[in-house]
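Scroll down for the structure; my scribbles are underneath it.
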Amino acid sequence: MQKTLLLSAMVCWTSASWAQDSAKKYWVYLNESAVDCTQPMLGPDALARRSAQGIALQTSDFALQQSAVTAVNEVADVVGRSRWLRAVVVRANDTQIEELKSLPEVASLQPVGIMKRSLTELQVPLSPASMDDSKGSEPDAASPKPSSEEEGIHSYQYGASLAQVTQIQLDALHDAGFDGAGVKIALMDGGYAGAESYSAFVGAWQQGRVLGTWDYVDGDSNVFHLGSHGMSVWSTICSDLDGTFVGTAPKASFYLFKTENQATETIAEEYHWVMAAERADSLGVDVINTSLGYTTFDNGIDDHGYADMDGRSTPISIAAVAAARTGMILCISAGNEGSSSWKYISAPADADSILAVGAVDQFGIRAGFSSQGPSFDGRIKPDVSARGLGAAVVNSTGNVASSSGTSFSSPIMAGAMASLVQAAKMLPNGYSAQNLIQRVRLSASQAFAPDSFLGYGIPNFATVYNGLGLSSAPVIHPWVLNQSNDGAWILRRLDLRSSDRLEYFAADGRLIQSFEVAQGQAEVRIEPQSFWGFVRSKAQVLPIAPR
C-alpha cells in the first residue's frame with residue numbers, strides 16, 4: 001500500500017513538473033472591444049512632457065481593457081502586460097495555448113523571444129584613473145591630474161572624463177549652466193552593485209536625485225546585486241567628483257531599472273525591457289539609456305537574424321519606437337559585434353526615432369568592435385558615435401578606470417542629451433525630442449556623408465546649443481486653457497490677428513467637435529466630457545482632462 005501511494009505521488013509530481021516545465025511564455029495580443037479613456041496611465045510629469053512637445057494622448061496611454069485581461073488570466077497566469085503593444089504576457093502550456101486561441105478577447109499569440117545578448121562591454125585591462133573607495137579618495141599615481149592648463153576655464157574640472165566630454169563639445173552646455181538638473185533619466189541594465197555606496201554616486205543619493213529602483217527579473221527594488229555593469233554605465237552620466245571624474249549629466253535625476261539577470265551571461269526575456277520602458281514613460285522620464293543589445297532571437301518558431309533588424313519585427317524594437325513617440329529620447333548601444341561574424345547592430349538599436357550609439361577612440365577613430373549598420377531596411381545605423389574605446393568609468397571595485405564598449409558610448413551620449421533637454425526646456429514654445437535628435441545628427445562630424453560605421457559621426461553639442469537661440473526665441477502662446485465657473489473649458493488667445501481651426505479629439509482618435517475661429521475671435525468654449533482628449537490647432541496641441 002505504501003509503495004502504491006509512493007508511486008502515485010511520484011506520478012502526480014512528475015506530471016505536475018512536466019506540465020510546469022512545458023509551460024512557456026507568450027505574448028497574447030488582445031482584441032479589445034473598448035478602451036476606457038477616463039484616466040491615462042501617466043503621471044503629471046509625463047503629461048507635461050507630452051504637452052511641452054505637442055504630443056496628443058493615444059489609446060496606448062490608457063490601460064488595457066480589464067475584462068479582456070481577466071478572460072486571459074482565467075486560462076493562463078498573466079505575468080506581464082504592455083499598453084503600448086496592447087498585449088499581456090502569459091505562462092502557458094500547449095493545452096492552455098489552444099484554449100487562449102479560441103477566446104474572442106484574443107487577437108493573436110506570439111512566443112516571448114529568448115534573446116542572446118550582444119556583448120556591449122569588452123573586458124580589457126583596466127588602468128586605475130583616480131580613487132579606490134576602499135582606501136579613501138587619494139588620487140592614484142597613474143591618474144590624469146587636472147590643471148588649469150588642461151581644463152581651461154570650465155564650470156567643472158573633469159579629470160579623467162575630460163577627453164570624452166570635450167570630444168562632443170559638451171563642456172559648452174555645462175559652462176552655460178546646463179548639466180541635467182531637473183531632467184529624469186532611466187537606465188535599463190543589469191546589476192548596479194556598488195552604486196549604493198561608491199563615492200561617485202554620493203551626491204545623487206544625498207540630494208535625493210535617485211528617484212526609484214526596480215528589478216524586473218526578481219520583482220523587487222534591490223538592483224544592487226548580481227553584477228555591476230549598470231553601475232559602471234551610470235557612472236559615465238552621474239559621477240560628480242570635481243577634479244577627478246565628472247559625468248555628462250552630473251545633476252540629473254535617475255531611475256535604475258534592472259531588466260536582465262547579468263549572471264546568466266547571454267539570455268534575457270524581452271518583456272522586462274518593455275515594461276520598464278512603459279514605467280519610465282508613466283514617471284515622466286525624459287531620457288532612456290539602454291547599454292544592452294540583443295542579436296539572435298529564439299521565439300519558439302524560428303531563429304531571427306539580421307533580416308529582423310528593421311525596427312518593426314521584434315517586440316523590443318517596436319516598443320522602443322513607441323517610447324520615442326511619447327517624447328522620450330532613447331540612447332541605445334549599437335553593440336560590440338563589429339569584428340564578429342554577426343557584425344551588425346543589435347535590437348533595439350535598429351529602431352527608428354532613437355539614437356543608436358557607436359564607439360570611437362580618443363582620436364575619433366571607430367573602434368573595431370563597434371557594430372555596423374545599416375538597419376536591414378537601409379536606414380543609417382549607428383546614428384552617432386562617442387567615446388567607447390578607453391572610456392573613463394567607475395569599475396566594479398569603485399576605482400575610476402578605463403574600459404571599452406558601446407556600453408559606455410551610449411550613456412555618455414544619454415547624459416549629453418539630458419543636458420541638452422534641460423536647455424531645450426527653456427524654449428518658450430516647448431521643444432521636440434525628435435527635433436533635438438535631428439539637430440544632434442546634423443551637428444556631427446560626417447553629417448554630410450553618413451556611413452554604416454560611425455553613422456552621422458561625433459556630435460558637436462556646442463553647435464546644437466547655439467542653434468537653439470535661447471536668448472532670441474520669440475514668445476508665442478496661441479491658446480491658453482482655462483476653466484469656467486460651470487466646469488467647461490475655455491480656450492483663450494491673445495493674438496487675434498489671424499484665423500485658426502480647432503479640432504477636439506477623444507484620446508482614442510474620435511473627432512468630437514471642430515471650430516472655425518475667425519480673425520478677432522478670442523475664446524472658444526469646450527463642453528466637459530468624461531474622458532481625456534486633446535485640442536489641435538494649426539500650431540499647438542493641448543490635452544483636455546475629463547470632468
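By convention here, the chains of the C-alpha cells are called A, B, ... in the order presented, each chain's residues are numbered starting at 1, and ligands are numbered starting at 1 in the order presented.
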**Prompt:** Mind checking DSSP for segment 61-94 of chain A and telling me the strand (DSSP E) residues as a PyMOL selection string?
**Reply:** chain A and resi 77-82+87-92
**Item:** Contact residues around Asn261 of chain A with only C-alpha atoms at 12 Å, ignoring same-chain residues under 5 positions, as a list of chain:residue names
**Value:** A:Arg117, A:Met188, A:Asp189, A:Gly190, A:Gly191, A:Tyr192, A:Asp215, A:Tyr216, A:Val217, A:Asp218, A:Gly219, A:Val223, A:Phe224, A:His225, A:Leu226, A:Gly227, A:Ser228, A:His229, A:Gly230, A:Thr266, A:Ile267, A:Ala268, A:Glu269, A:Glu270, A:His272, A:Trp273, A:Leu292
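Closest approach to Gly378 of chain A among A:Glu337, A:Glu32, A:Asp281, A:Asp451: A:Asp451, based on only C-alpha atoms.
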**Message:** Show me, as a list in words, the residues that have an atom within 7 Å of Pro411 of chain A when counting only C-alpha atoms, minus same-chain residues fewer than 5 positions from it.
**Reply:**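 Once the adjacent positions are removed, what remains is Val233, Thr236, Ile237 and Asn289 of chain A.
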**Item:** Residue contacts of Ser291 of chain A (6 Å, only C-alpha atoms) excluding same-chain residues fewer than 3 positions away, as a VMD selection string
**Value:** chain A and resid 332 to 333 407
Give me, as a short mmCIF file (atom, residue, chain, number, x, y, z; two decimals) with N, CA and C atoms, in the first residue's frame, all polymer residues having an atom no more than 6 Å from Thr244 of chain A, counting only C-alpha atoms and skipping those fewer than 3 positions away in the same chain.
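Just written: selection-v4.cif:
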data_model
loop_
_atom_site.label_atom_id
_atom_site.label_comp_id
_atom_site.auth_asym_id
_atom_site.auth_seq_id
_atom_site.Cartn_x
_atom_site.Cartn_y
_atom_site.Cartn_z
N GLY A 159 38.75 66.05 -14.89
CA GLY A 159 39.67 64.98 -14.54
C GLY A 159 39.70 63.90 -15.60
N ALA A 160 39.44 62.65 -15.21
CA ALA A 160 39.57 61.51 -16.12
C ALA A 160 38.59 61.55 -17.29
N LEU A 241 32.61 64.03 -9.18
CA LEU A 241 33.82 64.15 -8.37
C LEU A 241 34.71 65.20 -9.03
#
**Item:** Residues within 10 Å of Ala539 of chain A, only C-alpha atoms, excluding chain neighbours under 3 positions, as a ChimeraX atom specification
**Value:** /A:54,477-479,500-501,536
**Request:** From the DSSP assignment of the backbone, select every residue of segment 178-423 of chain A that is alpha helix (DSSP H), and format the answer as a PyMOL selection string.
**Result:** chain A and resi 202-206+229-238+270-282+315-325+406-423
**Residue contacts of Thr406 of chain A (6 Å, only C-alpha atoms) excluding same-chain residues fewer than 6 positions away, as a VMD selection string** = chain A and resid 120 333 335 358 to 359 388
**Prompt:** For Arg325 of chain A, which residue out of A:Asp61, A:Asp310, A:Asp240, A:Asp45 is the nearest one, using only C-alpha atoms?
**Reply:** A:Asp61
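Remark: for Ala323 of chain A, the closest of the candidate residues A:Asn93, A:Gln519, A:Ser82, A:Ser239 is A:Ser82 (distances computed over only C-alpha atoms).
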**Prompt:** Mind pulling up the distance from atom CA of Ala416 of chain A to atom CA of Thr463 of chain A?
**Reply:** 13.0 Å
**Asked** Between A:Ala280, A:Val246, A:Ala181, A:Leu85, which is the closest to Gly212 of chain A once you count only C-alpha atoms?
**Response**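 With only C-alpha atoms as the atom set, the closest residue is A:Ala280.
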**Fill in**
Min atom-atom distance to Pro315 of chain A from the set A:Ala392, A:Ala87, A:Ile412, A:Ile526, counting only C-alpha atoms, belongs to A:Ala87
**Asked** Using only C-alpha atoms, which of A:Met275, A:Leu162, A:Leu100, A:Ala351 sits nearest Arg387 of chain A?
**Response**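 Among the listed residues, the smallest separation from Arg387 of chain A belongs to A:Leu162.
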